[in-house]
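K.L.:
This is the structure I have questions about; it appears just below.
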Amino acid sequence: MPIITIEQAGQYDGQEVTLRGWLYNQRESGKLLFPIFRDGTGIMQGVCSLKEQPAAFEALRGLTQESSVIVTGKIRAEQRAPGGFEIGVSAVEVLQRVSESQPYPIQLKEHGVDFLLNQRHLWIRSPRQAAILRIRAEAIRAAREFMDGQGYTLTDAPIFTPAACEGTTTLFEVQYIDDEKAYLTQSGQLYVEATAMALGKVYAFGPTFRAEKSKTRRHLTEFWMLEPEAAYADLGDMMELGEGLVSHVVQSVLKNRTRELEALKRDTTKLATVKAPFPRISYDEAIAVLQKSGNPAKHGDDFGGDEETILSSQYDRPLIVHRYPAAIKAFYMQPDPQRPDLALGFDMLAPEGYGEIIGGGQRIHDYDLLVKRLREHNLPEESFQWYLDLRRYGSVPHAGFGLGLERTVAWICGTEHIREVIPFPRMIYRVYP
RNA sequence: UCCCCGGUAGCUCAACGGUAGAGCAUUCGGCUGUUAACCGAAGGGUUGCAAGUUCGAAUCUUGCCCGGGGAGCCA
């Protein structure tokens, strides 16, 4: 008797099989039961009649939602069944029956956000949430496949960092052993700059933490970033790498998670066009576009959500905006030799209003300039000695970027909120469960 | 930190200042092809908290708490 998953059921038409999972829902119609099972790979309807399978019928009758069950029966193609196949249940073993006095709290109907987030540990059992998490996993797999294929070596950055790199206000402070303080990393970038000088082409992939009091559908306090960094690379190399990476991730999800995208009712025609090269415009051009559309943006402004949406909505694939004013960018950005007021940085804006998914560019490799910038930004030089060492010992031009995993996955999935695309979202004022 | 919205049964929501209700969930009963099944019945409430106005407050006022959306900041 083969033990199979619901995903595989189509290959077992006409055969007797065993499914191991949970009771997702059950409709009762007199002496006929229509239990619906889920096993993590999908959901499948069962049929059980009192007349033909009295023992199984008794086991299933009145069984509560999310009770764990091992079910045996014959798979058969059935037009009336959701998914096209159903299982004629012949035997049922109930491992744990959910109590009637404390029924499973999440019903098959609309629920509020607050309630669902408090039940996140159960909410992820819902088919929609499971589909999203599978797409997230595929996005990660494809991203690593791409980076590895491009000759980048995974060199992860530390989570604990010793000092405030860009001001303490947005950092989570933790007590480190005795009286020492440490901070949760905001970005692995400074560290991958170091490993890039050791290994050439590297990337980090891990969680980052921001104590910003942002309350929007695009923000989490804990999110995952993929951060490539390459020695001897320039802005153009990174824009090319970024569009290659995003194209590969999107196309891989389209190819390998078709069913999940379907479950989410995602309009995949909007993803199919996502292939390199992506449109690129300079910051100055972006300002002109905004002004033409009536937006009050002027040179020197950074873009907010509205501006990003106006710009990105004009294209069928992500948009790269490059060469921002140095004044609104991070201290380590290499100035454009043609226009020193501009930084050799770029952002990639996802379509459909999902905002910035990549930010990066070329880093300052000149020791004196970097020291100057540290001072201009009032940053503690002593904390950056190791970082300055990278400019003391064989400094070379180098570049990299950070890709926000959750924003990317939210865009691919078409979800309303970024919080749905990470198993346990951490947000301002919400760390449970 | 600022602006806007919300908080009523386990859940989703109604209720003009005048007896707190429905659907779902749960329990009981009915139904052999259901599609968030359906039909009938039952149980289930400190209306977020605290004051105030009023003959009377879920409803009006003030403060607080909690949550959501957005701004700023960012991925």
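Letters for chains follow the order of the structure tokens (A, B, ...), residue numbers begin at 1 for each chain, and ligand numbers begin at 1 in the order shown.
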For the structure I just gave you, how does DSSP split range 113-308 of chain A - specifically, which residues are alpha helix (DSSP H)? Reply as JSON, numbers by chain.
P.N.:
{"A": [113, 114, 115, 116, 117, 118, 120, 121, 122, 123, 127, 128, 129, 130, 131, 132, 133, 134, 135, 136, 137, 138, 139, 140, 141, 142, 143, 144, 145, 146, 147, 148, 149, 189, 190, 191, 192, 193, 194, 195, 196, 197, 198, 199, 235, 236, 237, 238, 239, 240, 241, 242, 243, 244, 245, 246, 247, 248, 249, 250, 251, 252, 253, 254, 255, 256, 258, 259, 260, 261, 262, 263, 269, 270, 271, 272, 283, 284, 285, 286, 287, 288, 289, 290, 291, 292, 305, 306, 307, 308]}
K.L.:
I want to know what sits within 8 Å of A37 in chain B, based on only C-alpha atoms (C1' of nucleotides), with residues of the same chain fewer than 2 positions away left out; could you give that as a ChimeraX atom specification?
P.N.:
/A:27-28 /B:34-35
K.L.:
Residues of chain B within 8 Å of chain A, counting only C-alpha atoms (C1' of nucleotides) - could you list those as number ranges by chain?
P.N.:
B: 10-12, 24-26, 30-37, 67-70, 73, 75
K.L.:
Would you put the residues from that selection into a file with N, CA and C atoms (P, O5', C5', C4', C3', O3' and C1' of nucleotides), as a short mmCIF file (atom, residue, chain, number, x, y, z; two decimals), in the first residue's frame?
P.N.:
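Saved the output as result12.cif:
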```
data_model
loop_
_atom_site.label_atom_id
_atom_site.label_comp_id
_atom_site.auth_asym_id
_atom_site.auth_seq_id
_atom_site.Cartn_x
_atom_site.Cartn_y
_atom_site.Cartn_z
P G B 10 -16.95 34.98 23.15
"O5'" G B 10 -15.94 34.44 22.04
"C5'" G B 10 -14.61 34.04 22.39
"C4'" G B 10 -14.03 33.27 21.24
"C3'" G B 10 -14.12 33.98 19.89
"O3'" G B 10 -12.99 34.78 19.66
"C1'" G B 10 -15.05 31.81 19.70
P C B 11 -13.11 36.20 18.92
"O5'" C B 11 -13.41 35.78 17.40
"C5'" C B 11 -12.37 35.20 16.61
"C4'" C B 11 -12.91 34.89 15.23
"C3'" C B 11 -13.51 36.08 14.49
"O3'" C B 11 -12.51 36.82 13.81
"C1'" C B 11 -15.02 34.27 14.40
P U B 12 -12.72 38.37 13.53
"O5'" U B 12 -13.93 38.39 12.49
"C5'" U B 12 -13.72 38.02 11.13
"C4'" U B 12 -14.97 38.25 10.33
"C3'" U B 12 -15.59 39.63 10.48
"O3'" U B 12 -14.94 40.60 9.68
"C1'" U B 12 -17.29 37.99 10.65
P C B 24 -25.37 29.66 9.23
"O5'" C B 24 -23.80 29.66 9.51
"C5'" C B 24 -22.87 29.66 8.43
"C4'" C B 24 -21.47 29.90 8.94
"C3'" C B 24 -20.95 28.87 9.95
"O3'" C B 24 -20.47 27.69 9.33
"C1'" C B 24 -20.46 31.05 10.71
P A B 25 -20.58 26.29 10.07
"O5'" A B 25 -19.70 26.49 11.38
"C5'" A B 25 -18.28 26.49 11.30
"C4'" A B 25 -17.69 26.69 12.68
"C3'" A B 25 -18.15 25.68 13.73
"O3'" A B 25 -17.39 24.49 13.68
"C1'" A B 25 -18.33 27.87 14.60
P U B 26 -18.13 23.09 13.92
"O5'" U B 26 -18.54 23.16 15.46
"C5'" U B 26 -17.55 23.15 16.48
"C4'" U B 26 -18.21 23.20 17.83
"C3'" U B 26 -19.35 22.21 18.04
"O3'" U B 26 -18.88 20.92 18.38
"C1'" U B 26 -20.04 24.35 18.76
P G B 30 -31.54 11.91 13.11
"O5'" G B 30 -32.00 12.75 11.84
"C5'" G B 30 -33.38 12.82 11.49
"C4'" G B 30 -33.58 13.66 10.26
"C3'" G B 30 -32.79 13.23 9.02
"O3'" G B 30 -33.38 12.11 8.38
"C1'" G B 30 -32.69 15.58 9.26
P C B 31 -32.44 10.96 7.74
"O5'" C B 31 -31.93 11.63 6.39
"C5'" C B 31 -32.87 11.92 5.34
"C4'" C B 31 -32.23 12.83 4.33
"C3'" C B 31 -30.92 12.32 3.72
"O3'" C B 31 -31.15 11.38 2.67
"C1'" C B 31 -30.66 14.58 4.37
P U B 32 -30.21 10.09 2.53
"O5'" U B 32 -29.39 10.39 1.20
"C5'" U B 32 -28.52 11.52 1.11
"C4'" U B 32 -27.48 11.24 0.05
"C3'" U B 32 -28.06 10.95 -1.32
"O3'" U B 32 -27.15 11.49 -2.27
"C1'" U B 32 -26.69 9.16 -0.65
P G B 33 -27.67 12.36 -3.52
"O5'" G B 33 -26.33 13.13 -3.85
"C5'" G B 33 -25.70 13.94 -2.85
"C4'" G B 33 -24.54 14.66 -3.50
"C3'" G B 33 -24.79 15.08 -4.94
"O3'" G B 33 -24.10 16.28 -5.19
"C1'" G B 33 -22.89 13.71 -4.84
P U B 34 -24.91 17.67 -5.33
"O5'" U B 34 -24.32 18.47 -4.10
"C5'" U B 34 -24.90 18.33 -2.80
"C4'" U B 34 -23.81 18.43 -1.78
"C3'" U B 34 -22.90 19.64 -1.93
"O3'" U B 34 -23.50 20.78 -1.35
"C1'" U B 34 -21.62 17.69 -1.51
P U B 35 -23.16 22.21 -1.95
"O5'" U B 35 -21.66 22.38 -1.49
"C5'" U B 35 -21.03 23.63 -1.54
"C4'" U B 35 -19.56 23.45 -1.71
"C3'" U B 35 -18.95 24.48 -2.67
"O3'" U B 35 -17.72 24.92 -2.15
"C1'" U B 35 -18.44 22.28 -3.40
P A B 36 -17.50 26.45 -1.98
"O5'" A B 36 -17.13 26.64 -0.44
"C5'" A B 36 -16.30 25.70 0.22
"C4'" A B 36 -16.42 25.93 1.70
"C3'" A B 36 -17.85 25.82 2.22
"O3'" A B 36 -17.83 25.28 3.55
"C1'" A B 36 -16.99 27.96 2.69
P A B 37 -18.16 23.73 3.66
"O5'" A B 37 -19.46 23.54 2.77
"C5'" A B 37 -20.73 23.82 3.31
"C4'" A B 37 -21.75 23.74 2.20
"C3'" A B 37 -23.17 24.09 2.60
"O3'" A B 37 -23.37 25.50 2.61
"C1'" A B 37 -23.20 22.09 1.36
P G B 67 -0.74 46.51 20.01
"O5'" G B 67 -1.68 46.45 18.72
"C5'" G B 67 -2.16 45.20 18.27
"C4'" G B 67 -3.25 45.38 17.27
"C3'" G B 67 -2.86 46.05 15.96
"O3'" G B 67 -2.17 45.19 15.09
"C1'" G B 67 -4.92 46.93 16.70
P G B 68 -1.15 45.76 13.98
"O5'" G B 68 -2.13 46.36 12.89
"C5'" G B 68 -3.00 45.50 12.15
"C4'" G B 68 -3.94 46.32 11.31
"C3'" G B 68 -3.27 47.24 10.30
"O3'" G B 68 -2.91 46.56 9.13
"C1'" G B 68 -4.96 48.42 11.45
P G B 69 -1.62 46.98 8.30
"O5'" G B 69 -2.09 48.34 7.63
"C5'" G B 69 -3.00 48.31 6.54
"C4'" G B 69 -3.41 49.71 6.16
"C3'" G B 69 -2.26 50.61 5.69
"O3'" G B 69 -1.96 50.40 4.33
"C1'" G B 69 -3.64 51.78 7.22
P G B 70 -0.45 50.62 3.82
"O5'" G B 70 -0.17 52.15 4.19
"C5'" G B 70 -0.32 53.14 3.19
"C4'" G B 70 -0.34 54.53 3.78
"C3'" G B 70 1.00 55.21 3.98
"O3'" G B 70 1.59 55.64 2.77
"C1'" G B 70 -0.44 55.73 5.78
P C B 73 12.40 60.72 4.62
"O5'" C B 73 12.87 59.40 5.37
"C5'" C B 73 13.88 59.45 6.37
"C4'" C B 73 14.08 58.08 6.95
"C3'" C B 73 14.57 57.02 5.96
"O3'" C B 73 15.98 57.05 5.78
"C1'" C B 73 12.76 56.17 7.22
P A B 75 17.73 50.28 2.24
"O5'" A B 75 17.01 48.88 2.05
"C5'" A B 75 17.63 47.91 1.22
"C4'" A B 75 16.64 46.91 0.71
"C3'" A B 75 15.55 47.52 -0.16
"O3'" A B 75 15.17 46.65 -1.19
"C1'" A B 75 14.59 46.48 1.73
#
```
K.L.:
Find the residues around Glu227 in chain A up to 10 Å (only C-alpha atoms (C1' of nucleotides) counted), leave out those fewer than 4 positions away in its own chain, and share them as JSON, numbers by chain.
P.N.:
{"A": [154, 155, 156, 157, 187, 188, 189, 192, 193, 202, 203, 204, 205, 206, 358, 359, 360, 400, 401, 402, 403, 404]}
